[in-house]
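Engineer: First the structure, which I've put down as structure tokens, then a few questions once you've had a look.
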Amino acid sequence: MARVTTVLIGCGGRGVRAHGAHAVRSDKLQLVAVCDLDDARRAAASRELGVPGVKDYHELLDRPDVQSVIVATNAKWHAPIALDAIRAGKHVMIEKPLAEDAATARRLADAAEERGVIGMVGYQFRFSDFALQLKREAERIDPIQALMTIQRGPMGPQYFFPDHYGGVVDTATHTIHMAMWVMGGEPEGVYGSVHRGSVIGDQTIEFMNLMVEYDGGSRAATVVSSMFGMQAANLVQVVGTRGHVSSPDRKVLHVVTHEGVKEPRGGAAPAGMETRTIQTRGGMDAATGNMLDHFADLVTGTAKVQQSTTLREGMYAVAVTEAMVKAAETGRRIPLSEIL
């Protein structure tokens, strides 16, 4: 089967070293051009990847031989470029976050569905062995509660901007989406707190506490992150009515399953309790390449089910961080109906 032709729009480090490099190596994708407004970046990417460089992305969207577009620009340009690509009938793989705000993300999702093109968001962790096994085990316990942390050191200067997806949220968005994916269902409301201003005195989000509610508040996912947590362990814990799944390192899974708590037991174990340890392969090193190959399989029809993050799911990831900031400002629960 012929490879899916694609172009890379945005020649920063992530675009070239991850998306571009894999597209060149892939037997499912064929990179035919790169695009960037910056002359030096564009020229360097063209040399490194061995394809022509184009300054105006509209030239690429006009080409009938271009089937798909990888958007890896600054986040504020994700939606405008992707929307133009969708309207031109191109399939789109868009880096996270999907858009600057949830309303725009919704318009993108609507447009892709109306045009009948494949749209996906670059949450590559869903293609790691750890995440796939975590999701599988979580589904077996009927999850009602999740706690995930993503502690790290100070961000680079390019991430210091005040928007809801800036600062520590730029990396935490992967964990936010993982928590929502593991919980399943549509989020309904958000509580949140954020801290700003202690590093360089601006409004960049430096730590965040987010709780996302489901099913009228009977289920919830909590994500905690900061740029002050150097060398802190990042925890994953999912609790369900029939067990729990946890990990101290995003490689090993500790799984406890049982038949459910049906009566007060005074600390005694519920019936049928079993404990297992699963050593996953981790898999983040290959996750981006697997995601892009899946994108190509969706375009050709080889893959019938979308494993990757849909534009609708990407929309919710944008909506909950937008709601988190509003919750922090107002001190109240924010229904997602106020954001979407």
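Labeling convention for the structure tokens: chains A, B, ... as they appear, residues from 1 per chain, ligands from 1 in order of appearance.
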If DSSP is run on the backbone, what residues of stretch 177-267 of chain A are helix (DSSP H, G or I)? A reply as a list in words would be ideal.

Structural biologist: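 Put together, the selection reads His177, Met178, Ala179, Met180, Trp181, Val182, Met183, Asp215, Gly216 and Gly217 of chain A.
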
Engineer: Residues near A:Ala75, anyone? I mean within 9 Å using only C-alpha atoms, not counting same-chain ones fewer than 6 positions away, as number ranges by chain.

Structural biologist: A: 95-100

Engineer: Restricting the output to N, CA and C atoms, write the selected residues as a PDB file, in the first residue's frame.

Structural biologist:
```
ATOM      1  N   GLU A  95      -0.453  18.847  17.440  1.00  0.00           N
ATOM      2  CA  GLU A  95       0.201  18.795  18.741  1.00  0.00           C
ATOM      3  C   GLU A  95      -0.722  19.371  19.819  1.00  0.00           C
ATOM      4  N   LYS A  96      -0.437  19.012  21.062  1.00  0.00           N
ATOM      5  CA  LYS A  96      -1.242  19.535  22.173  1.00  0.00           C
ATOM      6  C   LYS A  96      -0.710  20.907  22.603  1.00  0.00           C
ATOM      7  N   PRO A  97      -1.552  21.766  23.203  1.00  0.00           N
ATOM      8  CA  PRO A  97      -2.998  21.602  23.310  1.00  0.00           C
ATOM      9  C   PRO A  97      -3.661  21.813  21.955  1.00  0.00           C
ATOM     10  N   LEU A  98      -4.862  21.276  21.798  1.00  0.00           N
ATOM     11  CA  LEU A  98      -5.538  21.344  20.513  1.00  0.00           C
ATOM     12  C   LEU A  98      -5.777  22.779  20.068  1.00  0.00           C
ATOM     13  N   ALA A  99      -6.142  23.648  21.004  1.00  0.00           N
ATOM     14  CA  ALA A  99      -6.463  25.037  20.658  1.00  0.00           C
ATOM     15  C   ALA A  99      -6.247  25.919  21.881  1.00  0.00           C
ATOM     16  N   GLU A 100      -6.345  27.223  21.685  1.00  0.00           N
ATOM     17  CA  GLU A 100      -6.175  28.173  22.788  1.00  0.00           C
ATOM     18  C   GLU A 100      -7.351  28.170  23.748  1.00  0.00           C
TER      19      GLU A 100
END
```

Engineer: May I ask which of the residues A:Val261, A:Ala323, A:Val190, A:Phe127 is the closest one to A:Ala286, counting only C-alpha atoms?

Structural biologist: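 Checking each candidate against A:Ala286, we get A:Phe127 as the closest.
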
Engineer: With a cut-off of 7 Å, could you pull out the residues of stretch 174-215 of chain A touching stretch 331-338 of chain A and give me the nearest pair of atoms for each, distance in Å to one decimal, using only C-alpha atoms, ordered by chain and ascending number, as JSON lines?

Structural biologist:
```
{"residue": "A:Glu188", "atom": "CA", "partner": "A:Leu336", "partner_atom": "CA", "distance": 5.5}
{"residue": "A:Gly189", "atom": "CA", "partner": "A:Pro335", "partner_atom": "CA", "distance": 4.1}
{"residue": "A:Val190", "atom": "CA", "partner": "A:Ile334", "partner_atom": "CA", "distance": 5.2}
{"residue": "A:Tyr191", "atom": "CA", "partner": "A:Arg333", "partner_atom": "CA", "distance": 5.0}
```

Engineer: From a backbone DSSP assignment, name each residue in stretch 239-273 of chain A labelled strand (DSSP E), as a list in words.

Structural biologist: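 Filtering stretch 239-273 of chain A to strand (DSSP E) leaves Val239, Gly240, Gly243, His244, Val245, Ser246, Ser247, Val252, Leu253, His254, Val255, Val256 and Thr257 of chain A.
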
Engineer: With C-alpha atoms retained, write the just-selected residues as a PDB file, in the first residue's frame.

Structural biologist:
```
ATOM      1  CA  VAL A 239      -9.364   3.227  42.723  1.00  0.00           C
ATOM      2  CA  GLY A 240     -12.519   1.422  41.712  1.00  0.00           C
ATOM      3  CA  GLY A 243     -10.017  -2.923  43.248  1.00  0.00           C
ATOM      4  CA  HIS A 244      -7.234  -0.471  42.558  1.00  0.00           C
ATOM      5  CA  VAL A 245      -4.252   0.038  40.242  1.00  0.00           C
ATOM      6  CA  SER A 246      -1.191   2.073  41.176  1.00  0.00           C
ATOM      7  CA  SER A 247       2.306   2.858  39.962  1.00  0.00           C
ATOM      8  CA  VAL A 252       5.453  -1.067  37.244  1.00  0.00           C
ATOM      9  CA  LEU A 253       1.718  -1.549  37.940  1.00  0.00           C
ATOM     10  CA  HIS A 254       0.464  -2.868  41.284  1.00  0.00           C
ATOM     11  CA  VAL A 255      -3.011  -4.329  40.800  1.00  0.00           C
ATOM     12  CA  VAL A 256      -5.496  -5.413  43.460  1.00  0.00           C
ATOM     13  CA  THR A 257      -8.839  -6.874  42.417  1.00  0.00           C
TER      14      THR A 257
END
```

Engineer: Taking 3 positions as the minimum chain separation for residues in the same chain, which residues sit within 12 Å of A:Arg47 when counting only C-alpha atoms? Answer as a PDB file with C-alpha atoms, in the first residue's frame.

Structural biologist:
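Below is the file that was written, out.pdb:
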```pdb
ATOM      1  CA  CYS A  11       9.934  23.241  12.512  1.00  0.00           C
ATOM      2  CA  VAL A  16      11.630  18.080  13.529  1.00  0.00           C
ATOM      3  CA  GLY A  20       9.609  14.893  11.086  1.00  0.00           C
ATOM      4  CA  ALA A  21      12.279  12.347  11.923  1.00  0.00           C
ATOM      5  CA  ALA A  33       7.685  19.181   2.669  1.00  0.00           C
ATOM      6  CA  VAL A  34       8.287  21.218   5.793  1.00  0.00           C
ATOM      7  CA  ALA A  40      16.629  29.714   9.480  1.00  0.00           C
ATOM      8  CA  ARG A  41      14.461  27.058  11.157  1.00  0.00           C
ATOM      9  CA  ARG A  42      12.840  26.132   7.868  1.00  0.00           C
ATOM     10  CA  ALA A  43      16.177  25.821   6.063  1.00  0.00           C
ATOM     11  CA  ALA A  44      17.671  23.709   8.860  1.00  0.00           C
ATOM     12  CA  GLY A  50      15.798  16.030   3.097  1.00  0.00           C
ATOM     13  CA  VAL A  51      12.585  17.612   1.805  1.00  0.00           C
ATOM     14  CA  PRO A  52      11.735  21.074   0.399  1.00  0.00           C
ATOM     15  CA  GLY A  53      10.920  23.947   2.736  1.00  0.00           C
TER      16      GLY A  53
END
```

Engineer: Report the distance between atom CA of A:Val320 and atom CA of A:Ile205 in Å, rounded to one decimal place.

Structural biologist: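 Result for atom CA of A:Val320 versus atom CA of A:Ile205: 14.7 Å, one decimal.
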
Engineer: Provide the atom CA of A:Arg17 to atom CA of A:Asn234 distance in Å, to one decimal place.

Structural biologist: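 Distance between the two atoms: 25.9 Å.
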